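*Asks:* Right, I'll just put the structure down here and ask away after.
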Amino acid sequence: MAVRTSPADGHALPDWARTRAGTDPGTVHLTVVDPGAVTPDAAQVCAGVLAGLGYRLVLTNAMAPGDADVFIAAGFTIRESLDLLGRSLDSVPPRGARTRRAVDLRPVAALDRRAFGARALDVPALRDAIDATPTSRLRAVGPRPAPLGYAIAGVAGSRAYIQRLAVDPDARRQGIARALLTDGLRWARRRGASAVLVNTHRDNDAARTLYESAGFVLLPRGLHVLERTL
């Protein structure tokens with residue numbers, strides 16, 4: 001079940017909200033597509049609509065501290081904080097190993113579960129990551145039915161984002177992550193981006209090492225994932 005901005009069971013969500021049901025039937029994931037349009041009152045109204053639809057817990061996408069403050073004022077709390085890293089695209093690494101376009105999201109989601117466990121993205125969440133920017137690119141390495149790694153990159157104006165990068169635990173340390181990252185950086189530069197951002201969980205030392213070795217630096221302010229019991 002997915003809840004969209006059109007009326008659902010007699011309720012309507014605000015235009016800045018996009019949601020999808022979690023694997024737990026009582027949980028709903030809220031993606032804020034226009035943070036500048038949100039006020040604490042609007043966040044309260046949205047929470048009320050979701051409660052009316054029978055959900056018990058709402059989880060947000062990762063957002064900047066200033067955007068998170070609006071939801072905190074509406075009764076949300078910080079569930080998890082993420083590190084944010086960035087780098088210029090003035091120069092990019094030379095072309096690496098070949099990647100391919102990924103079309104079927106089901107094996108990609110299965111790979112994400114193997115890589116991230118409880119933090120995994122399902123197929124609707126992968127679609128959200130792909131749709132988060134006006135232009136995006138999903139690439140994979142390995143067989144189509146069982147990819148060994150994948151990455152989603154996106155571009156919005158002059159800024160690019162590495163939205164997701166995952167490698168099968170049994171295929172790590174083979175250069176797959178670096179090949180996917182290099183592909184994303186080179187593609188983003190071709191699309192006109194001048195800088196790129198990526199976020200990672202603070203306990204993911206392997207990801208931090210990869211990004212820093214590719215020229216990313218830790219930025220002073222990270223991102224927050226919020227939650228609210230309904």
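Simple scheme: letters A, B, ... for chains in structure tokens order, numbers from 1 for residues in each chain, numbers from 1 for ligands in the order shown.
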Can you pull out the residues contacting A:Gly222? Cut-off 10 Å, using only C-alpha atoms, and skip same-chain residues under 5 positions away; I want them as an NGL selection string.

*Replies:* :A and (62-65 or 81-85 or 199-200 or 202)

*Asks:* Those residues with C-alpha atoms, as a tab-separated table (two decimals), in the first residue's frame please?

*Replies:*
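The resulting file, result04.tsv, is reproduced below:
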chain	number	residue	atom	x	y	z
A	62	ALA	CA	17.32	12.00	5.96
A	63	MET	CA	17.19	15.79	6.10
A	64	ALA	CA	19.40	18.73	6.93
A	65	PRO	CA	19.34	20.02	10.52
A	81	SER	CA	22.19	10.92	12.54
A	82	LEU	CA	24.21	10.45	9.35
A	83	ASP	CA	27.57	11.83	8.30
A	84	LEU	CA	27.58	14.01	5.18
A	85	LEU	CA	30.62	14.11	2.90
A	199	ASN	CA	25.72	10.48	3.33
A	200	THR	CA	26.64	7.39	5.29
A	202	ARG	CA	28.34	6.85	11.28

*Asks:* I need the residues of stretch 13-100 of chain A that end up classed as strand (DSSP E or B) by DSSP on the backbone, written out as a list in words.

*Replies:*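 Selection result, strand (DSSP E or B) within stretch 13-100 of chain A: Ala17, Arg18, Thr19, Arg20, Ala21, Thr27, Val28, His29, Leu30, Thr31, Val32, Leu57, Val58, Leu59, Thr60, Met63, Thr77, Ile78, Arg79, Glu80, Ser81, Leu82, Asp83, Leu84, Leu85, Gly86, Arg87, Ser88 and Arg100 of chain A.
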
*Asks:* Print the selection's residues with C-alpha atoms to a file, as an mmCIF file, in the first residue's frame.

*Replies:*
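Below you can see again17.cif, which holds the result:
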data_model
loop_
_atom_site.group_PDB
_atom_site.id
_atom_site.type_symbol
_atom_site.label_atom_id
_atom_site.label_comp_id
_atom_site.auth_asym_id
_atom_site.auth_seq_id
_atom_site.Cartn_x
_atom_site.Cartn_y
_atom_site.Cartn_z
ATOM 1 C CA ALA A 17 4.721 14.833 1.367
ATOM 2 C CA ARG A 18 5.296 11.500 -0.340
ATOM 3 C CA THR A 19 4.861 8.331 1.683
ATOM 4 C CA ARG A 20 5.093 4.574 1.433
ATOM 5 C CA ALA A 21 4.122 1.821 3.816
ATOM 6 C CA THR A 27 5.002 1.978 9.967
ATOM 7 C CA VAL A 28 4.931 4.610 7.221
ATOM 8 C CA HIS A 29 7.953 6.265 5.580
ATOM 9 C CA LEU A 30 7.617 9.981 4.893
ATOM 10 C CA THR A 31 9.693 11.624 2.160
ATOM 11 C CA VAL A 32 9.707 15.430 2.223
ATOM 12 C CA LEU A 57 4.986 5.102 13.564
ATOM 13 C CA VAL A 58 6.250 7.548 10.928
ATOM 14 C CA LEU A 59 9.888 7.656 9.802
ATOM 15 C CA THR A 60 11.279 10.496 7.678
ATOM 16 C CA MET A 63 17.188 15.786 6.099
ATOM 17 C CA THR A 77 12.571 13.101 17.513
ATOM 18 C CA ILE A 78 15.937 12.182 15.995
ATOM 19 C CA ARG A 79 16.096 8.469 15.263
ATOM 20 C CA GLU A 80 19.525 8.447 13.620
ATOM 21 C CA SER A 81 22.189 10.921 12.536
ATOM 22 C CA LEU A 82 24.211 10.448 9.351
ATOM 23 C CA ASP A 83 27.566 11.827 8.299
ATOM 24 C CA LEU A 84 27.578 14.007 5.180
ATOM 25 C CA LEU A 85 30.622 14.107 2.899
ATOM 26 C CA GLY A 86 31.296 16.132 -0.216
ATOM 27 C CA ARG A 87 33.819 16.828 -2.930
ATOM 28 C CA SER A 88 34.268 19.009 -5.986
ATOM 29 C CA ARG A 100 25.671 -1.820 -16.667
#

*Asks:* What parts of stretch 16-225 of chain A does DSSP call helix (DSSP H, G or I)? I'd like the answer as number ranges by chain.

*Replies:* A: 35-37, 40-52, 65-72, 105-119, 123-131, 169-171, 176-190, 205-213

*Asks:* Distance atom CA of A:Tyr161-atom CA of A:Ala206, one decimal place?

*Replies:*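 Interatomic distance, atom CA of A:Tyr161 to atom CA of A:Ala206: 18.7 Å.
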
*Asks:* Using only C-alpha atoms, which residue out of A:Asp168, A:Leu218, A:Gly149, A:Leu226 lies closest to A:Val70?

*Replies:*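 Among the listed residues, A:Leu226 lies closest to A:Val70.
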
*Asks:* Just want the 6 Å neighbourhood of stretch 123-136 of chain A, counted on only C-alpha atoms, with same-chain residues fewer than 5 positions away dropped. Output as a ChimeraX atom specification.

*Replies:* /A:109,153-156

*Asks:* To one decimal place in Å, what is the distance between atom CA of A:Asp183 and atom CA of A:Pro145?

*Replies:*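 One can read the atom CA of A:Asp183 to atom CA of A:Pro145 distance as 21.1 Å.
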
*Asks:* Quick one: of A:Asp122, A:Asp112, A:Asp69, A:Asp170, who's nearest to A:Pro35, counting only C-alpha atoms?

*Replies:*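 When distances to A:Pro35 are compared using only C-alpha atoms, the smallest one comes from A:Asp69.
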
*Asks:* Using only C-alpha atoms, which of the listed residues (A:Val141, A:Ala12, A:Val217, A:Ala73) sits closest to A:Leu180?

*Replies:*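 Counting only C-alpha atoms, the residue closest to A:Leu180 is A:Val141.
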
*Asks:* When distances are computed from only C-alpha atoms, which of A:Leu210, A:Ala47, A:Val196, A:Leu111 shows the smallest separation from A:Pro143?

*Replies:* A:Leu111

*Asks:* What is the atom CA of A:Leu165-atom CA of A:Tyr150 distance in Å, reported with one decimal?

*Replies:* 5.8 Å

*Asks:* Rank nothing, just name the residue among A:Arg144, A:Arg137, A:Arg191, A:Arg208 nearest to A:Pro107, using only C-alpha atoms.

*Replies:*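 Counting only C-alpha atoms, the residue closest to A:Pro107 is A:Arg144.
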
*Asks:* Find the spatial neighbours of A:Val108, counting only C-alpha atoms, within a cut-off of 8 Å - ignore same-chain residues fewer than 6 positions away - and output them as a list in words.

*Replies:*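 Result of the neighbour search: Ala102, Ala146, Pro147 and Tyr150 of chain A.
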
*Asks:* For each of A:Pro25, A:Phe71, A:Ala179, A:Asn61, take the minimum atom-to-atom distance to A:Val45, counting only C-alpha atoms, then give the residue where this is smallest.

*Replies:*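 Of A:Pro25, A:Phe71, A:Ala179, A:Asn61, the one nearest A:Val45 is A:Phe71, counting only C-alpha atoms.
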